[in-house]
>>> print(open('upload-v6.tsv').read())   # TSV, C-alpha atoms and all ligand atoms
chain	number	residue	atom	x	y	z
Z	259	MET	CA	-14.65	-20.39	-1.53
Z	260	ILE	CA	-11.92	-18.04	-2.70
Z	261	ILE	CA	-12.37	-14.26	-2.58
Z	262	VAL	CA	-9.85	-12.15	-4.48
Z	263	ILE	CA	-9.60	-8.41	-3.82
Z	264	SER	CA	-7.47	-6.46	-6.30
Z	265	GLY	CA	-7.14	-2.82	-7.12
Z	266	PRO	CA	-4.60	-0.08	-7.72
Z	267	GLY	CA	-2.27	0.99	-4.91
Z	268	GLY	CA	-3.88	3.52	-2.57
Z	269	VAL	CA	-7.52	2.47	-3.01
Z	270	GLY	CA	-7.62	1.21	0.57
Z	271	LYS	CA	-7.58	-2.56	-0.03
Z	272	GLY	CA	-5.67	-3.25	3.18
Z	273	THR	CA	-8.13	-1.35	5.39
Z	274	VAL	CA	-11.16	-2.93	3.73
Z	275	VAL	CA	-9.72	-6.42	3.99
Z	276	ARG	CA	-8.79	-6.00	7.67
Z	277	GLU	CA	-12.32	-4.82	8.42
Z	278	LEU	CA	-13.88	-7.78	6.58
Z	279	VAL	CA	-11.73	-10.24	8.50
Z	280	ALA	CA	-12.51	-8.61	11.85
Z	281	ARG	CA	-16.25	-8.93	11.18
Z	282	ASP	CA	-16.40	-12.40	9.62
Z	283	HIS	CA	-14.41	-15.17	11.28
Z	284	ARG	CA	-15.08	-17.55	8.43
Z	285	LEU	CA	-12.67	-15.51	6.30
Z	286	TRP	CA	-9.03	-16.55	6.37
Z	287	LEU	CA	-6.64	-13.85	5.18
Z	288	SER	CA	-3.55	-15.10	3.44
Z	289	ARG	CA	-0.29	-13.36	4.35
Z	290	SER	CA	1.79	-12.76	1.24
Z	291	TRP	CA	5.52	-12.90	0.78
Z	292	THR	CA	7.29	-9.94	-0.81
Z	293	THR	CA	10.78	-8.84	-1.75
Z	294	ARG	CA	9.78	-5.18	-1.25
Z	295	ASP	CA	11.27	-3.32	1.71
Z	296	PRO	CA	8.87	-2.48	4.55
Z	297	ARG	CA	7.43	1.05	4.40
Z	298	PRO	CA	8.15	3.37	7.31
Z	299	GLY	CA	5.68	2.47	10.04
Z	300	GLU	CA	4.40	-0.63	8.23
Z	301	ALA	CA	3.52	-3.53	10.55
Z	302	ASP	CA	6.12	-6.32	10.71
Z	303	ASP	CA	3.44	-8.86	9.90
Z	304	ALA	CA	2.00	-6.98	6.90
Z	305	TYR	CA	3.98	-9.40	4.73
Z	306	VAL	CA	6.62	-12.04	5.10
Z	307	PHE	CA	9.52	-9.82	3.98
Z	308	VAL	CA	12.20	-11.88	2.24
Z	309	ASP	CA	15.08	-11.38	-0.19
Z	310	ARG	CA	14.87	-12.43	-3.83
Z	311	ASP	CA	16.83	-15.64	-3.32
Z	312	ALA	CA	14.48	-16.86	-0.59
Z	313	PHE	CA	11.45	-15.96	-2.71
Z	314	GLU	CA	12.77	-17.72	-5.80
Z	315	LEU	CA	13.70	-20.81	-3.80
Z	316	HIS	CA	10.17	-21.01	-2.38
Z	317	ALA	CA	8.71	-20.56	-5.89
Z	318	SER	CA	10.94	-23.32	-7.29
Z	319	ARG	CA	9.57	-25.67	-4.61
Z	320	ASP	CA	5.96	-24.92	-5.68
Z	321	GLY	CA	5.42	-23.04	-2.45
Z	322	PHE	CA	3.13	-20.38	-3.99
Z	323	LEU	CA	-0.50	-20.60	-5.09
Z	324	GLU	CA	0.34	-17.65	-7.36
Z	325	TRP	CA	3.04	-15.04	-7.60
Z	326	ALA	CA	3.79	-12.00	-9.74
Z	327	GLU	CA	6.28	-9.19	-10.22
Z	328	PHE	CA	4.80	-5.78	-9.44
Z	329	LEU	CA	6.84	-2.61	-10.09
Z	330	GLY	CA	10.13	-4.46	-9.72
Z	331	ASP	CA	9.33	-6.53	-6.62
Z	332	LEU	CA	8.02	-10.07	-6.25
Z	333	TYR	CA	4.80	-10.81	-4.37
Z	334	GLY	CA	3.30	-14.26	-3.78
Z	335	THR	CA	0.54	-16.11	-1.96
Z	336	PRO	CA	1.95	-19.12	-0.11
Z	337	VAL	CA	0.03	-22.36	-0.68
Z	338	PRO	CA	-2.70	-21.97	1.95
Z	339	GLU	CA	-2.87	-24.23	4.97
Z	340	VAL	CA	-6.54	-23.80	5.73
Z	341	GLY	CA	-9.49	-26.17	5.96
Z	342	ASP	CA	-12.61	-26.15	3.74
Z	343	GLU	CA	-14.67	-24.59	6.53
Z	344	ARG	CA	-12.91	-21.25	5.99
Z	345	ASP	CA	-13.09	-18.97	2.95
Z	346	LEU	CA	-9.73	-17.90	1.58
Z	347	LEU	CA	-9.34	-14.13	1.21
Z	348	LEU	CA	-6.55	-12.88	-1.05
Z	349	GLU	CA	-5.47	-9.26	-1.47
Z	350	ILE	CA	-3.30	-9.50	-4.56
Z	351	ASP	CA	-2.51	-7.70	-7.81
Z	352	VAL	CA	-4.37	-8.28	-11.06
Z	353	GLN	CA	-1.70	-10.59	-12.54
Z	354	GLY	CA	-2.01	-12.82	-9.48
Z	355	ALA	CA	-5.80	-12.61	-9.66
Z	356	ALA	CA	-5.66	-13.81	-13.27
Z	357	GLN	CA	-3.76	-16.92	-12.16
Z	358	VAL	CA	-6.21	-17.66	-9.32
Z	359	VAL	CA	-9.35	-16.99	-11.39
Z	360	GLY	CA	-7.92	-19.08	-14.24
Z	361	ARG	CA	-7.58	-22.04	-11.91
Z	362	HIS	CA	-10.70	-21.32	-9.81
Z	363	PRO	CA	-13.33	-19.74	-12.10
Z	364	GLU	CA	-15.87	-19.89	-9.26
Z	365	ALA	CA	-13.79	-17.44	-7.17
Z	366	LEU	CA	-15.35	-14.08	-6.28
Z	367	PHE	CA	-13.12	-11.46	-7.93
Z	368	VAL	CA	-13.54	-7.85	-6.83
Z	369	LEU	CA	-11.74	-4.81	-8.24
Z	370	LEU	CA	-11.63	-2.08	-5.63
Z	371	LEU	CA	-11.33	1.45	-7.01
Z	372	ALA	CA	-10.66	4.88	-5.52
Z	373	PRO	CA	-13.34	7.54	-6.19
Z	374	SER	CA	-10.84	9.43	-8.42
Z	375	ASN	CA	-7.17	9.54	-9.47
Z	376	ASP	CA	-6.65	12.59	-7.25
Z	377	GLU	CA	-8.00	10.71	-4.25
Z	378	GLN	CA	-5.74	7.72	-5.04
Z	379	ARG	CA	-2.71	10.02	-5.19
Z	380	LEU	CA	-3.63	11.65	-1.85
Z	381	ARG	CA	-4.01	8.25	-0.17
Z	382	LEU	CA	-0.63	7.05	-1.50
Z	383	GLU	CA	1.06	10.23	-0.26
Z	384	ALA	CA	-0.66	9.92	3.12
Z	385	ARG	CA	0.67	6.40	3.66
Z	386	GLY	CA	4.24	7.56	2.99
Z	387	ASP	CA	5.00	6.32	-0.53
Z	388	ARG	CA	7.93	8.18	-2.12
Z	389	PRO	CA	6.93	10.65	-4.92
Z	390	ASP	CA	8.34	8.34	-7.62
Z	391	GLN	CA	6.38	5.41	-6.16
Z	392	VAL	CA	3.19	7.51	-6.14
Z	393	ASP	CA	3.71	8.35	-9.84
Z	394	SER	CA	4.38	4.76	-10.87
Z	395	ARG	CA	1.41	3.39	-8.89
Z	396	VAL	CA	-0.99	5.96	-10.38
Z	397	ALA	CA	0.35	5.25	-13.89
Z	398	LYS	CA	0.01	1.49	-13.35
Z	399	ALA	CA	-3.63	1.84	-12.21
Z	400	ALA	CA	-5.15	2.26	-15.70
Z	401	GLU	CA	-3.42	-0.90	-16.90
Z	402	GLU	CA	-4.61	-2.90	-13.88
Z	403	VAL	CA	-8.20	-1.70	-14.22
Z	404	ALA	CA	-8.31	-2.65	-17.91
Z	405	ALA	CA	-6.89	-6.12	-17.19
Z	406	ALA	CA	-9.31	-6.74	-14.30
Z	407	ARG	CA	-12.29	-5.69	-16.43
Z	408	GLN	CA	-11.27	-8.19	-19.09
Z	409	LEU	CA	-11.25	-10.89	-16.44
Z	410	GLY	CA	-14.81	-9.99	-15.39
Z	411	ALA	CA	-14.03	-8.47	-12.00
Z	412	ILE	CA	-16.91	-6.93	-10.03
Z	413	GLU	CA	-16.06	-3.24	-9.55
Z	414	VAL	CA	-16.60	-1.59	-6.17
Z	415	ILE	CA	-15.73	2.07	-5.54
Z	416	ASN	CA	-14.25	2.61	-2.09
Z	417	ASP	CA	-15.74	5.98	-1.25
Z	418	ASP	CA	-16.87	5.28	2.30
Z	419	LEU	CA	-15.36	2.40	4.32
Z	420	GLY	CA	-18.62	1.29	5.96
Z	421	SER	CA	-20.55	1.14	2.69
Z	422	THR	CA	-17.71	-0.62	0.88
Z	423	VAL	CA	-17.47	-3.30	3.57
Z	424	ALA	CA	-21.25	-3.76	3.57
Z	425	HIS	CA	-21.25	-4.09	-0.23
Z	426	LEU	CA	-18.49	-6.72	-0.12
Z	427	GLU	CA	-20.27	-8.62	2.66
Z	428	SER	CA	-23.39	-8.83	0.52
Z	429	LEU	CA	-21.38	-10.09	-2.48
Z	430	ILE	CA	-19.76	-12.74	-0.28
Z	431	ALA	CA	-23.12	-13.78	1.22
Z	432	ASP	CA	-24.65	-14.11	-2.28
Z	433	ARG	CA	-21.77	-16.26	-3.43
Z	434	ARG	CA	-21.95	-18.50	-0.34
Z	435	ARG	CA	-25.69	-19.09	-0.64
Z	436	PRO	CA	-25.84	-21.56	-3.58
Z	437	SER	CA	-23.26	-23.93	-2.13
Z	438	GLU	CA	-24.95	-23.79	1.27
Z	439	ALA	CA	-28.33	-24.56	-0.34
Z	440	SER	CA	-26.93	-27.55	-2.20
Z	441	GLY	CA	-24.70	-28.82	0.58
A	1	LIG	P1	2.15	-3.00	-1.93
A	1	LIG	O1	3.59	-2.84	-2.28
A	1	LIG	O2	1.38	-1.74	-2.15
A	1	LIG	O3	1.95	-3.60	-0.56
A	1	LIG	O4	1.54	-4.05	-2.95
A	1	LIG	C1	1.68	-3.86	-4.33
A	1	LIG	C2	0.70	-4.74	-5.06
A	1	LIG	O5	0.99	-6.12	-4.82
A	1	LIG	C3	-0.73	-4.53	-4.60
A	1	LIG	O6	-1.56	-4.51	-5.76
A	1	LIG	C4	-1.02	-5.76	-3.77
A	1	LIG	O7	-2.40	-6.12	-3.80
A	1	LIG	C5	-0.20	-6.78	-4.51
A	1	LIG	N1	0.07	-7.99	-3.73
A	1	LIG	C6	0.20	-8.13	-2.39
A	1	LIG	N2	0.41	-9.41	-2.08
A	1	LIG	C7	0.39	-10.11	-3.25
A	1	LIG	C8	0.53	-11.50	-3.58
A	1	LIG	O8	0.70	-12.38	-2.75
A	1	LIG	N3	0.45	-11.81	-4.90
A	1	LIG	C9	0.26	-10.88	-5.87
A	1	LIG	N4	0.17	-11.32	-7.11
A	1	LIG	N5	0.12	-9.58	-5.60
A	1	LIG	C10	0.19	-9.20	-4.30
>>> encode(input="upload-v6.tsv", output="structure tokens", more="lines below")
Ligand code: 5GP
Amino acid sequence: MIIVISGPGGVGKGTVVRELVARDHRLWLSRSWTTRDPRPGEADDAYVFVDRDAFELHASRDGFLEWAEFLGDLYGTPVPEVGDERDLLLEIDVQGAAQVVGRHPEALFVLLLAPSNDEQRLRLEARGDRPDQVDSRVAKAAEEVAAARQLGAIEVINDDLGSTVAHLESLIADRRRPSEASG
């Protein structure tokens, strides 16, 4: 099964996804490649940080399941090396989600949202985004939400971490059930 988590910058996707993975060892979190520079204090293994040439070379060799340009940088999911016994968890933007859902309509596609625009802005500032990056990420949010709705994403508001994780766990359990019953 493939689980795609998308949502505007600053809604807390990273925290939610880390929590899900810590609690459910059947989930396998893909580590994306990006041409973006690391943020101050960002973990070295948050992404595979590469330059544009390395990214484009990997793309030309069909090394990505999906990739997209987001606010001037490239982001991509490497073709996963994981067995069928694990569920693939992707934290990617809506353009990438469209590619994955197009190819795998059975995927669980969740759009994570902040409780409000003000809260999104505060979270972006708190994680150290530059003021221009905060502005562009907030402006981009409306576009991403509209696109995800068109693709039929399930919307989850990330107000409280514990409740959000519990909600996502129940969506994942529901989606696993039919295949487990038949197989
Ligand atoms: P950030 O720069 O905030 O880490 O990520 C910017 C956006 O790129 C976020 O919406 C994030 O979910 C998305 N993103 C991260 N990895 C990937 C990926 O592998 N593919 C795509 N399409 N988007 C990604």
>>> residues_around(input="upload-v6.tsv", residues="range 287-297 of chain Z", least_positions_apart="6", cutoff="7 Å", atoms="all atoms listed in the file", output="JSON, numbers by chain")
{"Z": [305, 306, 307, 308, 309, 310, 331, 332, 333, 334, 335, 336, 346, 347, 348]}
>>> residues_around(input="upload-v6.tsv", residues="Ile350 in chain Z", least_positions_apart="5", cutoff="8 Å", atoms="all atoms listed in the file", output="short mmCIF file (atom, residue, chain, number, x, y, z; two decimals) with C-alpha atoms, in the coordinates of the input")
data_model
loop_
_atom_site.label_atom_id
_atom_site.label_comp_id
_atom_site.auth_asym_id
_atom_site.auth_seq_id
_atom_site.Cartn_x
_atom_site.Cartn_y
_atom_site.Cartn_z
CA VAL Z 262 -9.85 -12.15 -4.48
CA ILE Z 263 -9.60 -8.41 -3.82
CA SER Z 264 -7.47 -6.46 -6.30
CA ALA Z 355 -5.80 -12.61 -9.66
#
>>> atom_distance(input="upload-v6.tsv", atom1="CA of Val274 in chain Z", atom2="CA of Leu419 in chain Z")
6.8 Å
>>> residues_around(input="upload-v6.tsv", residues="range 385-393 of chain Z", least_positions_apart="3", cutoff="12 Å", atoms="only C-alpha atoms", output="NGL selection string")
:Z and (266-270 or 272-273 or 295-300 or 328-330 or 375-382 or 396-399)
>>> residues_around(input="upload-v6.tsv", residues="range 423-434 of chain Z", least_positions_apart="2", cutoff="9 Å", atoms="all atoms listed in the file", output="JSON list (two decimals) with C-alpha atoms, in the coordinates of the input")
[["chain", "number", "residue", "atom", "x", "y", "z"],
["Z", 259, "MET", "CA", -14.65, -20.39, -1.53],
["Z", 261, "ILE", "CA", -12.37, -14.26, -2.58],
["Z", 274, "VAL", "CA", -11.16, -2.93, 3.73],
["Z", 275, "VAL", "CA", -9.72, -6.42, 3.99],
["Z", 277, "GLU", "CA", -12.32, -4.82, 8.42],
["Z", 278, "LEU", "CA", -13.88, -7.78, 6.58],
["Z", 282, "ASP", "CA", -16.40, -12.40, 9.62],
["Z", 365, "ALA", "CA", -13.79, -17.44, -7.17],
["Z", 366, "LEU", "CA", -15.35, -14.08, -6.28],
["Z", 368, "VAL", "CA", -13.54, -7.85, -6.83],
["Z", 414, "VAL", "CA", -16.60, -1.59, -6.17],
["Z", 416, "ASN", "CA", -14.25, 2.61, -2.09],
["Z", 418, "ASP", "CA", -16.87, 5.28, 2.30],
["Z", 419, "LEU", "CA", -15.36, 2.40, 4.32],
["Z", 420, "GLY", "CA", -18.62, 1.29, 5.96],
["Z", 421, "SER", "CA", -20.55, 1.14, 2.69],
["Z", 436, "PRO", "CA", -25.84, -21.56, -3.58],
["Z", 437, "SER", "CA", -23.26, -23.93, -2.13],
["Z", 438, "GLU", "CA", -24.95, -23.79, 1.27],
["Z", 439, "ALA", "CA", -28.33, -24.56, -0.34]]
>>> atom_distance(input="upload-v6.tsv", atom1="CA of Val403 in chain Z", atom2="CA of Trp325 in chain Z")
18.7 Å
>>> closest_residue(input="upload-v6.tsv", among="Z:Ala404, Z:Leu369, Z:Ala304, Z:Val337", to="Arg319 in chain Z", atoms="all atoms listed in the file")
Z:Val337
>>> closest_residue(input="upload-v6.tsv", among="Z:His283, Z:His316, Z:Arg395, Z:His362", to="Asp345 in chain Z", atoms="only C-alpha atoms")
Z:His283
>>> closest_residue(input="upload-v6.tsv", among="Z:Glu383, Z:Asp417, Z:Glu343, Z:Glu349", to="ligand LIG 1 (chain A)", atoms="all atoms listed in the file")
Z:Glu349
>>> closest_residue(input="upload-v6.tsv", among="Z:Ala301, Z:Val352, Z:Val279, Z:Leu315", to="ligand LIG 1 (chain A)", atoms="only C-alpha atoms and all ligand atoms")
Z:Val352
>>> closest_residue(input="upload-v6.tsv", among="Z:Gly360, Z:Gly265, Z:Gly410, Z:Pro338", to="ligand LIG 1 (chain A)", atoms="all atoms listed in the file")
Z:Gly265
>>> atom_distance(input="upload-v6.tsv", atom1="atom O5 of ligand LIG 1 (chain A)", atom2="CA of Gly354 in chain Z")
8.7 Å
>>> closest_residue(input="upload-v6.tsv", among="Z:Val340, Z:Val358, Z:Leu285, Z:Ile260", to="ligand LIG 1 (chain A)", atoms="only C-alpha atoms and all ligand atoms")
Z:Val358
>>> residues_around(input="upload-v6.tsv", residues="Gln357 in chain Z", least_positions_apart="6", cutoff="10 Å", atoms="all atoms listed in the file", output="list of chain:residue names")
Z:Leu323, Z:Glu324, Z:Trp325, Z:Ala326, Z:Pro363
